[in-house]
file protein-v1.cif (mmCIF, C-alpha atoms, pLDDT in the B column; chains and numbers go by the auth columns)
data_target
loop_
_atom_site.group_PDB
_atom_site.id
_atom_site.type_symbol
_atom_site.label_atom_id
_atom_site.label_comp_id
_atom_site.label_asym_id
_atom_site.label_seq_id
_atom_site.Cartn_x
_atom_site.Cartn_y
_atom_site.Cartn_z
_atom_site.B_iso_or_equiv
_atom_site.auth_seq_id
_atom_site.auth_asym_id
ATOM 1 C CA PRO A 1 91.827 61.840 56.983 48.00 150 J
ATOM 2 C CA GLY A 2 92.673 60.919 60.585 60.00 151 J
ATOM 3 C CA LEU A 3 96.409 61.284 60.045 63.00 152 J
ATOM 4 C CA THR A 4 96.097 64.688 58.415 69.00 153 J
ATOM 5 C CA ALA A 5 93.465 66.068 60.794 71.00 154 J
ATOM 6 C CA ASP A 6 96.049 68.137 62.666 77.00 155 J
ATOM 7 C CA THR A 7 97.761 69.630 59.637 85.00 156 J
ATOM 8 C CA VAL A 8 98.829 73.211 60.275 88.00 157 J
ATOM 9 C CA HIS A 9 98.821 75.336 57.126 87.00 158 J
ATOM 10 C CA ILE A 10 101.557 77.827 57.868 86.00 159 J
ATOM 11 C CA SER A 11 101.623 79.597 54.509 85.00 160 J
ATOM 12 C CA ALA A 12 101.383 78.923 50.803 84.00 161 J
ATOM 13 C CA ASP A 13 104.992 77.686 50.851 86.00 162 J
ATOM 14 C CA TRP A 14 104.897 75.131 53.647 89.00 163 J
ATOM 15 C CA SER A 15 102.775 73.243 56.189 90.00 164 J
ATOM 16 C CA GLY A 16 103.277 71.305 59.385 90.00 165 J
ATOM 17 C CA LEU A 17 101.816 67.941 60.350 90.00 166 J
ATOM 18 C CA VAL A 18 101.621 67.026 64.043 91.00 167 J
ATOM 19 C CA LEU A 19 101.260 63.379 65.061 88.00 168 J
ATOM 20 C CA ARG A 20 101.549 61.561 68.380 86.00 169 J
ATOM 21 C CA HIS A 21 105.248 60.791 67.972 84.00 170 J
ATOM 22 C CA GLY A 22 106.491 63.939 66.322 84.00 171 J
ATOM 23 C CA ALA A 23 105.924 66.594 63.719 89.00 172 J
ATOM 24 C CA ALA A 24 106.956 67.118 60.105 90.00 173 J
ATOM 25 C CA PHE A 25 107.267 70.338 58.131 90.00 174 J
ATOM 26 C CA ILE A 26 106.738 70.049 54.394 88.00 175 J
ATOM 27 C CA GLY A 27 107.598 72.620 51.752 89.00 176 J
ATOM 28 C CA HIS A 28 105.217 73.181 48.865 88.00 177 J
ATOM 29 C CA ARG A 29 107.861 74.347 46.398 88.00 178 J
ATOM 30 C CA ALA A 30 111.417 73.519 45.522 88.00 179 J
ATOM 31 C CA ASP A 31 114.126 74.600 47.922 85.00 180 J
ATOM 32 C CA GLN A 32 116.619 76.964 46.288 84.00 181 J
ATOM 33 C CA GLY A 33 119.362 75.979 48.695 82.00 182 J
ATOM 34 C CA PRO A 34 121.274 78.086 51.223 80.00 183 J
ATOM 35 C CA THR A 35 120.373 81.244 49.346 81.00 184 J
ATOM 36 C CA ASP A 36 116.639 80.624 49.715 81.00 185 J
ATOM 37 C CA PRO A 37 115.580 83.399 52.108 77.00 186 J
ATOM 38 C CA PHE A 38 112.205 81.915 52.975 84.00 187 J
ATOM 39 C CA TYR A 39 113.294 78.379 53.845 83.00 188 J
ATOM 40 C CA GLY A 40 116.143 79.740 55.924 83.00 189 J
ATOM 41 C CA TYR A 41 113.579 81.739 57.862 83.00 190 J
ATOM 42 C CA ALA A 42 111.355 78.651 58.140 85.00 191 J
ATOM 43 C CA GLU A 43 114.228 76.527 59.449 85.00 192 J
ATOM 44 C CA LEU A 44 114.991 79.126 62.108 87.00 193 J
ATOM 45 C CA HIS A 45 111.403 79.094 63.340 87.00 194 J
ATOM 46 C CA THR A 46 111.239 75.302 63.247 89.00 195 J
ATOM 47 C CA ARG A 47 114.294 74.997 65.492 90.00 196 J
ATOM 48 C CA SER A 48 113.121 77.685 67.911 90.00 197 J
ATOM 49 C CA VAL A 49 109.554 78.770 68.621 90.00 198 J
ATOM 50 C CA TYR A 50 107.859 75.845 66.851 91.00 199 J
ATOM 51 C CA LEU A 51 110.041 73.314 68.660 92.00 200 J
ATOM 52 C CA ASP A 52 109.315 75.114 71.933 92.00 201 J
ATOM 53 C CA ALA A 53 105.584 74.706 71.310 92.00 202 J
ATOM 54 C CA LEU A 54 105.927 70.948 70.820 93.00 203 J
ATOM 55 C CA LEU A 55 108.195 70.548 73.846 94.00 204 J
ATOM 56 C CA PHE A 56 105.741 72.515 75.956 95.00 205 J
ATOM 57 C CA GLY A 57 102.969 70.169 74.843 94.00 206 J
ATOM 58 C CA MET A 58 105.092 67.194 75.912 94.00 207 J
ATOM 59 C CA ILE A 59 105.590 68.759 79.343 95.00 208 J
ATOM 60 C CA GLN A 60 101.833 69.213 79.655 96.00 209 J
ATOM 61 C CA ARG A 61 101.261 65.589 78.670 96.00 210 J
ATOM 62 C CA ASP A 62 103.736 64.306 81.280 96.00 211 J
ATOM 63 C CA HIS A 63 102.085 66.360 84.021 96.00 212 J
ATOM 64 C CA ILE A 64 98.595 65.204 83.068 97.00 213 J
ATOM 65 C CA ASP A 65 99.775 61.571 83.035 96.00 214 J
ATOM 66 C CA GLN A 66 101.152 61.990 86.554 95.00 215 J
ATOM 67 C CA LEU A 67 98.023 63.768 87.789 95.00 216 J
ATOM 68 C CA THR A 68 95.907 60.926 86.426 94.00 217 J
ATOM 69 C CA GLU A 69 97.964 58.381 88.373 93.00 218 J
ATOM 70 C CA ASP A 70 97.774 60.473 91.544 92.00 219 J
ATOM 71 C CA LEU A 71 94.006 60.725 91.181 92.00 220 J
ATOM 72 C CA THR A 72 93.642 56.943 91.131 89.00 221 J
ATOM 73 C CA ASP A 73 95.678 56.707 94.367 88.00 222 J
ATOM 74 C CA VAL A 74 93.454 59.028 96.426 86.00 223 J
ATOM 75 C CA PHE A 75 91.373 56.218 97.960 82.00 224 J
ATOM 76 C CA THR A 76 94.122 53.598 98.245 82.00 225 J
ATOM 77 C CA GLY A 77 94.193 53.789 102.058 78.00 226 J
ATOM 78 C CA PRO A 78 93.785 55.998 105.130 78.00 227 J
ATOM 79 C CA GLY A 79 94.569 59.678 104.746 82.00 228 J
ATOM 80 C CA GLU A 80 92.597 60.226 101.559 84.00 229 J
ATOM 81 C CA ALA A 81 91.697 63.788 102.604 85.00 230 J
ATOM 82 C CA ALA A 82 95.375 64.738 102.856 88.00 231 J
ATOM 83 C CA ARG A 83 96.170 63.098 99.513 90.00 232 J
ATOM 84 C CA LEU A 84 93.277 64.888 97.852 90.00 233 J
ATOM 85 C CA ALA A 85 94.399 68.231 99.301 91.00 234 J
ATOM 86 C CA THR A 86 97.893 67.631 97.909 92.00 235 J
ATOM 87 C CA LEU A 87 96.431 66.715 94.527 93.00 236 J
ATOM 88 C CA GLU A 88 94.296 69.857 94.462 93.00 237 J
ATOM 89 C CA ARG A 89 97.369 72.001 95.168 94.00 238 J
ATOM 90 C CA ARG A 90 99.207 70.300 92.320 95.00 239 J
ATOM 91 C CA LEU A 91 96.240 70.849 90.019 95.00 240 J
ATOM 92 C CA ALA A 92 96.183 74.540 90.880 95.00 241 J
ATOM 93 C CA HIS A 93 99.935 74.800 90.293 95.00 242 J
ATOM 94 C CA PHE A 94 99.670 72.986 86.962 95.00 243 J
ATOM 95 C CA ARG A 95 96.789 75.177 85.813 93.00 244 J
ATOM 96 C CA SER A 96 98.554 78.416 86.704 93.00 245 J
ATOM 97 C CA THR A 97 102.015 77.404 85.475 93.00 246 J
ATOM 98 C CA TYR A 98 101.809 74.843 82.685 93.00 247 J
ATOM 99 C CA TRP A 99 98.278 74.727 81.332 93.00 248 J
ATOM 100 C CA ARG A 100 98.477 77.085 78.388 86.00 249 J
ATOM 101 C CA GLN A 101 96.766 76.744 75.050 81.00 250 J
ATOM 102 C CA HIS A 102 98.412 79.848 73.630 82.00 251 J
ATOM 103 C CA LEU A 103 102.131 80.574 73.705 81.00 252 J
ATOM 104 C CA THR A 104 101.960 83.822 71.764 79.00 253 J
ATOM 105 C CA THR A 105 99.323 86.414 70.997 74.00 254 J
ATOM 106 C CA HIS A 106 98.757 84.799 67.615 70.00 255 J
ATOM 107 C CA GLY A 107 100.667 82.633 65.206 85.00 256 J
ATOM 108 C CA THR A 108 101.642 79.161 64.119 89.00 257 J
ATOM 109 C CA ALA A 109 103.151 78.173 67.475 91.00 258 J
ATOM 110 C CA ASN A 110 99.682 78.253 69.027 92.00 259 J
ATOM 111 C CA ASP A 111 98.310 76.067 66.232 91.00 260 J
ATOM 112 C CA LEU A 112 101.114 73.540 66.692 93.00 261 J
ATOM 113 C CA LEU A 113 100.530 73.383 70.438 93.00 262 J
ATOM 114 C CA THR A 114 96.788 72.916 69.923 92.00 263 J
ATOM 115 C CA ALA A 115 97.420 70.173 67.369 92.00 264 J
ATOM 116 C CA TYR A 116 99.715 68.327 69.786 93.00 265 J
ATOM 117 C CA GLN A 117 97.163 68.653 72.599 94.00 266 J
ATOM 118 C CA ASN A 118 94.485 67.230 70.322 92.00 267 J
ATOM 119 C CA GLN A 119 96.636 64.210 69.509 92.00 268 J
ATOM 120 C CA TYR A 120 96.701 63.239 73.201 93.00 269 J
ATOM 121 C CA ARG A 121 93.278 64.650 74.132 94.00 270 J
ATOM 122 C CA LEU A 122 94.944 66.822 76.766 96.00 271 J
ATOM 123 C CA PRO A 123 92.070 69.334 77.204 95.00 272 J
ATOM 124 C CA GLU A 124 89.511 66.546 77.633 96.00 273 J
ATOM 125 C CA ARG A 125 91.746 64.611 80.020 96.00 274 J
ATOM 126 C CA PHE A 126 92.448 67.661 82.157 96.00 275 J
ATOM 127 C CA THR A 127 88.726 68.460 82.326 95.00 276 J
ATOM 128 C CA GLU A 128 88.033 64.874 83.421 95.00 277 J
ATOM 129 C CA ILE A 129 90.703 65.104 86.132 95.00 278 J
ATOM 130 C CA LEU A 130 89.162 68.310 87.492 95.00 279 J
ATOM 131 C CA ALA A 131 85.679 66.764 87.490 94.00 280 J
ATOM 132 C CA GLU A 132 86.810 63.583 89.263 93.00 281 J
ATOM 133 C CA ALA A 133 88.783 65.570 91.840 92.00 282 J
ATOM 134 C CA ALA A 134 85.674 67.656 92.550 92.00 283 J
ATOM 135 C CA ASP A 135 83.604 64.467 92.958 92.00 284 J
ATOM 136 C CA HIS A 136 86.182 63.018 95.346 89.00 285 J
ATOM 137 C CA ASN A 137 86.194 66.246 97.329 89.00 286 J
ATOM 138 C CA ARG A 138 82.400 66.188 97.698 89.00 287 J
ATOM 139 C CA LEU A 139 82.506 62.556 98.802 86.00 288 J
ATOM 140 C CA ILE A 140 85.163 63.204 101.437 83.00 289 J
ATOM 141 C CA GLN A 141 83.386 66.340 102.672 84.00 290 J
ATOM 142 C CA THR A 142 80.128 64.404 103.018 80.00 291 J
ATOM 143 C CA ARG A 143 81.871 61.676 104.991 77.00 292 J
ATOM 144 C CA GLU A 144 83.560 64.192 107.290 74.00 293 J
ATOM 145 C CA ASN A 145 80.274 66.026 107.871 73.00 294 J
ATOM 146 C CA GLN A 146 78.622 62.745 108.812 68.00 295 J
ATOM 147 C CA GLN A 147 81.415 61.994 111.268 67.00 296 J
ATOM 148 C CA ILE A 148 81.119 65.454 112.833 67.00 297 J
ATOM 149 C CA SER A 149 77.354 65.089 113.099 68.00 298 J
ATOM 150 C CA GLY A 150 77.779 61.693 114.724 64.00 299 J
ATOM 151 C CA ALA A 151 80.278 63.059 117.245 65.00 300 J
ATOM 152 C CA LEU A 152 77.986 65.957 118.125 66.00 301 J
ATOM 153 C CA GLY A 153 75.099 63.534 118.484 65.00 302 J
ATOM 154 C CA ILE A 154 77.089 61.393 120.904 66.00 303 J
ATOM 155 C CA ILE A 155 77.994 64.435 122.980 63.00 304 J
ATOM 156 C CA THR A 156 74.361 65.490 123.057 67.00 305 J
ATOM 157 C CA ILE A 157 72.935 62.077 123.926 61.00 306 J
ATOM 158 C CA LEU A 158 75.534 61.259 126.574 62.00 307 J
ATOM 159 C CA GLY A 159 76.104 64.698 128.009 65.00 308 J
ATOM 160 C CA LEU A 160 72.664 66.268 128.142 60.00 309 J
ATOM 161 C CA PRO A 161 70.976 63.815 130.558 61.00 310 J
ATOM 162 C CA LEU A 162 73.966 63.711 132.900 62.00 311 J
ATOM 163 C CA THR A 163 74.374 67.484 132.889 69.00 312 J
ATOM 164 C CA THR A 164 70.683 67.958 133.561 66.00 313 J
ATOM 165 C CA ALA A 165 70.686 65.466 136.439 63.00 314 J
ATOM 166 C CA LEU A 166 73.754 66.999 138.096 62.00 315 J
ATOM 167 C CA THR A 167 72.296 70.477 137.724 69.00 316 J
ATOM 168 C CA VAL A 168 69.067 69.409 139.416 62.00 317 J
ATOM 169 C CA ILE A 169 71.011 67.848 142.304 62.00 318 J
ATOM 170 C CA GLN A 170 73.086 70.987 142.725 64.00 319 J
ATOM 171 C CA VAL A 171 69.997 73.191 142.750 63.00 320 J
ATOM 172 C CA LEU A 172 68.272 70.978 145.323 63.00 321 J
ATOM 173 C CA GLY A 173 71.397 70.877 147.466 65.00 322 J
ATOM 174 C CA TYR A 174 71.841 67.098 147.429 61.00 323 J
ATOM 175 C CA GLN A 175 75.542 66.199 147.688 63.00 324 J
ATOM 176 C CA THR A 176 75.559 62.643 149.075 63.00 325 J
ATOM 177 C CA PRO A 177 77.039 59.734 147.080 65.00 326 J
ATOM 178 C CA TRP A 178 73.616 58.124 146.972 60.00 327 J
ATOM 179 C CA HIS A 179 72.135 61.127 145.250 60.00 328 J
ATOM 180 C CA LEU A 180 75.038 61.252 142.801 61.00 329 J
ATOM 181 C CA LEU A 181 74.583 57.556 142.016 63.00 330 J
ATOM 182 C CA THR A 182 70.862 58.070 141.546 69.00 331 J
ATOM 183 C CA ALA A 183 71.557 60.966 139.183 63.00 332 J
ATOM 184 C CA ALA A 184 74.030 58.887 137.174 66.00 333 J
ATOM 185 C CA LEU A 185 71.582 55.977 136.873 67.00 334 J
ATOM 186 C CA THR A 186 68.806 58.360 135.879 71.00 335 J
ATOM 187 C CA ALA A 187 71.062 59.917 133.245 68.00 336 J
ATOM 188 C CA LEU A 188 71.970 56.447 131.958 67.00 337 J
ATOM 189 C CA ALA A 189 68.301 55.524 131.662 72.00 338 J
ATOM 190 C CA ALA A 190 67.580 58.784 129.868 67.00 339 J
ATOM 191 C CA THR A 191 70.458 58.114 127.492 66.00 340 J
ATOM 192 C CA GLY A 192 69.049 54.678 126.705 69.00 341 J
ATOM 193 C CA ALA A 193 65.662 56.232 126.061 70.00 342 J
ATOM 194 C CA LEU A 194 67.189 58.827 123.743 62.00 343 J
ATOM 195 C CA LEU A 195 68.925 56.103 121.754 64.00 344 J
ATOM 196 C CA THR A 196 65.532 54.598 120.937 71.00 345 J
ATOM 197 C CA THR A 197 64.335 57.836 119.342 68.00 346 J
ATOM 198 C CA PRO A 198 64.764 58.477 115.586 68.00 347 J
ATOM 199 C CA TYR A 199 67.617 60.895 116.330 59.00 348 J
ATOM 200 C CA GLY A 200 69.377 58.338 118.510 63.00 349 J
ATOM 201 C CA ARG A 201 69.049 55.643 115.865 64.00 350 J
ATOM 202 C CA LEU A 202 70.459 58.083 113.305 62.00 351 J
ATOM 203 C CA VAL A 203 73.526 58.642 115.499 62.00 352 J
ATOM 204 C CA LEU A 204 74.021 54.898 115.952 61.00 353 J
ATOM 205 C CA ASN A 205 73.750 54.329 112.206 65.00 354 J
ATOM 206 C CA SER A 206 76.317 57.073 111.639 61.00 355 J
ATOM 207 C CA LEU A 207 78.702 55.381 114.056 58.00 356 J
ATOM 208 C CA ARG A 208 78.238 52.016 112.349 61.00 357 J
ATOM 209 C CA SER A 209 78.902 53.501 108.903 58.00 358 J
ATOM 210 C CA ARG A 210 81.982 55.303 110.218 55.00 359 J
ATOM 211 C CA ARG A 211 83.314 52.095 111.759 54.00 360 J
ATOM 212 C CA GLY A 212 82.637 50.209 108.542 53.00 361 J
ATOM 213 C CA SER A 213 84.484 52.799 106.449 53.00 362 J
ATOM 214 C CA HIS A 214 87.532 52.622 108.740 52.00 363 J
ATOM 215 C CA GLU A 215 87.579 48.824 108.613 50.00 364 J
ATOM 216 C CA ALA A 216 87.292 48.898 104.814 48.00 365 J
ATOM 217 C CA SER A 217 90.178 51.345 104.534 49.00 366 J
#
call {"tool": "encode", "arguments": {"input": "protein-v1.cif", "output": "C-alpha cells"}}
result
Amino acid sequence: PGLTADTVHISADWSGLVLRHGAAFIGHRADQGPTDPFYGYAELHTRSVYLDALLFGMIQRDHIDQLTEDLTDVFTGPGEAARLATLERRLAHFRSTYWRQHLTTHGTANDLLTAYQNQYRLPERFTEILAEAADHNRLIQTRENQQISGALGIITILGLPLTTALTVIQVLGYQTPWHLLTAALTALAATGALLTTPYGRLVLNSLRSRRGSHEAS
C-alpha cells in the first residue's frame, strides 16, 4: 500500500505511479501500435506537461534542500542577523517563484506534482523551514532589543547625574576647576548609587549577557 499510495488515476485506460526516484505510466488495455490514437496522445502528454510537472517538483526539492542547509548555518558565527535576513529574502523569492502546488487550472499535471511533493514531504518541510526561520527571527529581535535597552540604560545611568551636576553648576555660576571636579565626583557617586538600584542591576545583567553571547559566538 505504501508504494501505490501516490498512484494517479488518469483515466480508465491508464494510470501513473510516482515514486521517489521516478514515475511510471501504465496502460490498462493493449496498445494497438502506432495507429492507436489514445496512446499516441498519452505519450505526447507524458513527454511534455507531465514531465514538466515532475521536473518542477525536482526543482522545488533542490531549493528546499538548500534552504534547510542555510537555516542550520544561521547561528554558526557572528552576523547571524544578516544571514537570517538573506535567508528570509530567499524564502520570499522561493515562495513567489517556485512554490506552486498547481501548474494548471485542473488536470493530471497537478496530481503528479502533488504526488511527487508527497514523496519528499515538501509541503511539511517548507512549513517547518518557515516556522524555524520565524523562531530565529524572534530570538534575534529579542537579543537586539536587550542590547538596545542596555545601551540606553548605560546612557541614562552615566549621563543623567553628570548632566544634572553640570547644569546646577552653570545655573549657580560656578566655573572653577574645583567646582567642576566636585561636580564630576558627585556625578560618579550618583552613578554608583544608581547601579545599586534594581534598574542599575538590570542594566549590568544585560551587559554581562551581551558580553557572554559575543564570547560564545
call {"tool": "resolve_selection", "arguments": {"input": "protein-v1.cif", "expression": "the PyMOL selection byres ((chain J and resi 205-210) around 12)", "output": "ChimeraX atom specification"}}
result
/J:167,169-171,198-204,211-217,240,243-244,246-252,258-275
call {"tool": "write_last_selection", "arguments": {"input": "protein-v1.cif", "atoms": "C-alpha atoms", "output": "compact mmCIF listing (two decimals), keeping the file's coordinate frame"}}
result
# COMPACT_ATOMS: atom_id res chain seq x y z
CA VAL J 167 101.62 67.03 64.04
CA ARG J 169 101.55 61.56 68.38
CA HIS J 170 105.25 60.79 67.97
CA GLY J 171 106.49 63.94 66.32
CA VAL J 198 109.55 78.77 68.62
CA TYR J 199 107.86 75.84 66.85
CA LEU J 200 110.04 73.31 68.66
CA ASP J 201 109.32 75.11 71.93
CA ALA J 202 105.58 74.71 71.31
CA LEU J 203 105.93 70.95 70.82
CA LEU J 204 108.20 70.55 73.85
CA ASP J 211 103.74 64.31 81.28
CA HIS J 212 102.08 66.36 84.02
CA ILE J 213 98.60 65.20 83.07
CA ASP J 214 99.78 61.57 83.04
CA GLN J 215 101.15 61.99 86.55
CA LEU J 216 98.02 63.77 87.79
CA THR J 217 95.91 60.93 86.43
CA LEU J 240 96.24 70.85 90.02
CA PHE J 243 99.67 72.99 86.96
CA ARG J 244 96.79 75.18 85.81
CA THR J 246 102.02 77.40 85.48
CA TYR J 247 101.81 74.84 82.68
CA TRP J 248 98.28 74.73 81.33
CA ARG J 249 98.48 77.08 78.39
CA GLN J 250 96.77 76.74 75.05
CA HIS J 251 98.41 79.85 73.63
CA LEU J 252 102.13 80.57 73.70
CA ALA J 258 103.15 78.17 67.47
CA ASN J 259 99.68 78.25 69.03
CA ASP J 260 98.31 76.07 66.23
CA LEU J 261 101.11 73.54 66.69
CA LEU J 262 100.53 73.38 70.44
CA THR J 263 96.79 72.92 69.92
CA ALA J 264 97.42 70.17 67.37
CA TYR J 265 99.72 68.33 69.79
CA GLN J 266 97.16 68.65 72.60
CA ASN J 267 94.48 67.23 70.32
CA GLN J 268 96.64 64.21 69.51
CA TYR J 269 96.70 63.24 73.20
CA ARG J 270 93.28 64.65 74.13
CA LEU J 271 94.94 66.82 76.77
CA PRO J 272 92.07 69.33 77.20
CA GLU J 273 89.51 66.55 77.63
CA ARG J 274 91.75 64.61 80.02
CA PHE J 275 92.45 67.66 82.16
call {"tool": "closest_atom_pairs", "arguments": {"input": "protein-v1.cif", "of": "region 166-251 of chain J", "to": "region 280-289 of chain J", "cutoff": "10 Å", "atoms": "only C-alpha atoms", "output": "tab-separated table"}}
result
residue	atom	partner	partner_atom	distance
J:Thr217	CA	J:Glu281	CA	9.9
J:Leu220	CA	J:Ala282	CA	7.2
J:Thr221	CA	J:Glu281	CA	9.7
J:Val223	CA	J:His285	CA	8.4
J:Phe224	CA	J:His285	CA	8.9
J:Glu229	CA	J:Ile289	CA	8.0
J:Ala230	CA	J:Ile289	CA	6.7
J:Leu233	CA	J:Asn286	CA	7.2
J:Ala234	CA	J:Asn286	CA	8.7
J:Leu236	CA	J:Ala282	CA	8.2
J:Glu237	CA	J:Ala282	CA	7.5
J:Leu240	CA	J:Ala282	CA	9.3
call {"tool": "atom_distance", "arguments": {"input": "protein-v1.cif", "atom1": "CA of Ile159 (chain J)", "atom2": "CA of Gln181 (chain J)"}}
result
19.0 Å
call {"tool": "atom_distance", "arguments": {"input": "protein-v1.cif", "atom1": "CA of Thr235 (chain J)", "atom2": "CA of Asp219 (chain J)"}}
result
9.6 Å
call {"tool": "atom_distance", "arguments": {"input": "protein-v1.cif", "atom1": "CA of Glu192 (chain J)", "atom2": "CA of Leu168 (chain J)"}}
result
19.3 Å
call {"tool": "closest_residue", "arguments": {"input": "protein-v1.cif", "among": "J:Pro183, J:Thr253, J:Thr225, J:Leu279", "to": "Arg239 (chain J)", "atoms": "all atoms listed in the file"}}
result
J:Leu279
call {"tool": "decode", "arguments": {"input": "protein-v1.cif", "residues": "region 162-232 of chain J", "atoms": "C-alpha atoms", "output": "PDB file, in the first residue's frame"}}
result
ATOM      1  CA  ASP J 162      -7.132   3.460 -19.980  1.00  0.00           C
ATOM      2  CA  TRP J 163      -4.028   4.332 -17.990  1.00  0.00           C
ATOM      3  CA  SER J 164      -2.575   5.433 -14.642  1.00  0.00           C
ATOM      4  CA  GLY J 165       0.610   6.965 -13.326  1.00  0.00           C
ATOM      5  CA  LEU J 166       2.657   5.912 -10.312  1.00  0.00           C
ATOM      6  CA  VAL J 167       5.011   8.452  -8.726  1.00  0.00           C
ATOM      7  CA  LEU J 168       7.857   7.249  -6.506  1.00  0.00           C
ATOM      8  CA  ARG J 169      10.908   8.957  -5.029  1.00  0.00           C
ATOM      9  CA  HIS J 170      13.179   8.073  -7.945  1.00  0.00           C
ATOM     10  CA  GLY J 171      10.831   8.445 -10.864  1.00  0.00           C
ATOM     11  CA  ALA J 172       7.407   7.809 -12.283  1.00  0.00           C
ATOM     12  CA  ALA J 173       5.800   5.088 -14.386  1.00  0.00           C
ATOM     13  CA  PHE J 174       2.754   5.262 -16.633  1.00  0.00           C
ATOM     14  CA  ILE J 175       0.835   2.031 -17.077  1.00  0.00           C
ATOM     15  CA  GLY J 176      -1.803   1.271 -19.684  1.00  0.00           C
ATOM     16  CA  HIS J 177      -4.864  -0.724 -18.699  1.00  0.00           C
ATOM     17  CA  ARG J 178      -5.505  -2.185 -22.147  1.00  0.00           C
ATOM     18  CA  ALA J 179      -3.498  -3.483 -25.043  1.00  0.00           C
ATOM     19  CA  ASP J 180      -1.647  -0.976 -27.176  1.00  0.00           C
ATOM     20  CA  GLN J 181      -2.788  -1.069 -30.804  1.00  0.00           C
ATOM     21  CA  GLY J 182       0.520   0.279 -32.039  1.00  0.00           C
ATOM     22  CA  PRO J 183       1.306   3.495 -33.917  1.00  0.00           C
ATOM     23  CA  THR J 184      -2.285   3.752 -35.078  1.00  0.00           C
ATOM     24  CA  ASP J 185      -3.629   3.820 -31.521  1.00  0.00           C
ATOM     25  CA  PRO J 186      -4.931   7.393 -31.206  1.00  0.00           C
ATOM     26  CA  PHE J 187      -5.242   7.376 -27.431  1.00  0.00           C
ATOM     27  CA  TYR J 188      -1.786   6.068 -26.537  1.00  0.00           C
ATOM     28  CA  GLY J 189      -0.213   8.465 -29.002  1.00  0.00           C
ATOM     29  CA  TYR J 190      -1.989  11.269 -27.183  1.00  0.00           C
ATOM     30  CA  ALA J 191      -0.873   9.828 -23.832  1.00  0.00           C
ATOM     31  CA  GLU J 192       2.753   9.625 -24.968  1.00  0.00           C
ATOM     32  CA  LEU J 193       2.659  13.261 -26.053  1.00  0.00           C
ATOM     33  CA  HIS J 194       1.409  14.370 -22.647  1.00  0.00           C
ATOM     34  CA  THR J 195       3.910  12.162 -20.835  1.00  0.00           C
ATOM     35  CA  ARG J 196       6.830  13.750 -22.684  1.00  0.00           C
ATOM     36  CA  SER J 197       5.541  17.297 -22.227  1.00  0.00           C
ATOM     37  CA  VAL J 198       3.269  18.604 -19.481  1.00  0.00           C
ATOM     38  CA  TYR J 199       3.539  15.547 -17.214  1.00  0.00           C
ATOM     39  CA  LEU J 200       7.333  15.549 -17.442  1.00  0.00           C
ATOM     40  CA  ASP J 201       7.316  19.287 -16.734  1.00  0.00           C
ATOM     41  CA  ALA J 202       5.338  18.657 -13.546  1.00  0.00           C
ATOM     42  CA  LEU J 203       7.886  16.125 -12.289  1.00  0.00           C
ATOM     43  CA  LEU J 204      10.844  18.329 -13.213  1.00  0.00           C
ATOM     44  CA  PHE J 205       9.232  21.254 -11.427  1.00  0.00           C
ATOM     45  CA  GLY J 206       8.860  19.098  -8.322  1.00  0.00           C
ATOM     46  CA  MET J 207      12.566  18.241  -8.504  1.00  0.00           C
ATOM     47  CA  ILE J 208      13.432  21.940  -8.688  1.00  0.00           C
ATOM     48  CA  GLN J 209      11.302  22.568  -5.608  1.00  0.00           C
ATOM     49  CA  ARG J 210      13.034  19.731  -3.769  1.00  0.00           C
ATOM     50  CA  ASP J 211      16.509  21.087  -4.587  1.00  0.00           C
ATOM     51  CA  HIS J 212      15.569  24.558  -3.350  1.00  0.00           C
ATOM     52  CA  ILE J 213      14.073  23.227  -0.122  1.00  0.00           C
ATOM     53  CA  ASP J 214      17.198  21.117   0.491  1.00  0.00           C
ATOM     54  CA  GLN J 215      19.363  24.217   0.094  1.00  0.00           C
ATOM     55  CA  LEU J 216      17.098  26.333   2.300  1.00  0.00           C
ATOM     56  CA  THR J 217      17.291  23.672   5.000  1.00  0.00           C
ATOM     57  CA  GLU J 218      21.097  23.783   4.922  1.00  0.00           C
ATOM     58  CA  ASP J 219      21.108  27.586   5.016  1.00  0.00           C
ATOM     59  CA  LEU J 220      18.780  27.543   8.011  1.00  0.00           C
ATOM     60  CA  THR J 221      21.192  25.383  10.000  1.00  0.00           C
ATOM     61  CA  ASP J 222      24.017  27.859   9.259  1.00  0.00           C
ATOM     62  CA  VAL J 223      22.256  30.935  10.677  1.00  0.00           C
ATOM     63  CA  PHE J 224      23.873  30.683  14.127  1.00  0.00           C
ATOM     64  CA  THR J 225      27.274  29.358  13.038  1.00  0.00           C
ATOM     65  CA  GLY J 226      29.059  32.612  13.936  1.00  0.00           C
ATOM     66  CA  PRO J 227      28.825  36.405  14.136  1.00  0.00           C
ATOM     67  CA  GLY J 228      26.491  38.137  11.716  1.00  0.00           C
ATOM     68  CA  GLU J 229      23.506  35.874  12.276  1.00  0.00           C
ATOM     69  CA  ALA J 230      21.076  38.772  11.734  1.00  0.00           C
ATOM     70  CA  ALA J 231      22.468  39.402   8.247  1.00  0.00           C
ATOM     71  CA  ARG J 232      22.374  35.693   7.388  1.00  0.00           C
TER      72      ARG J 232
END
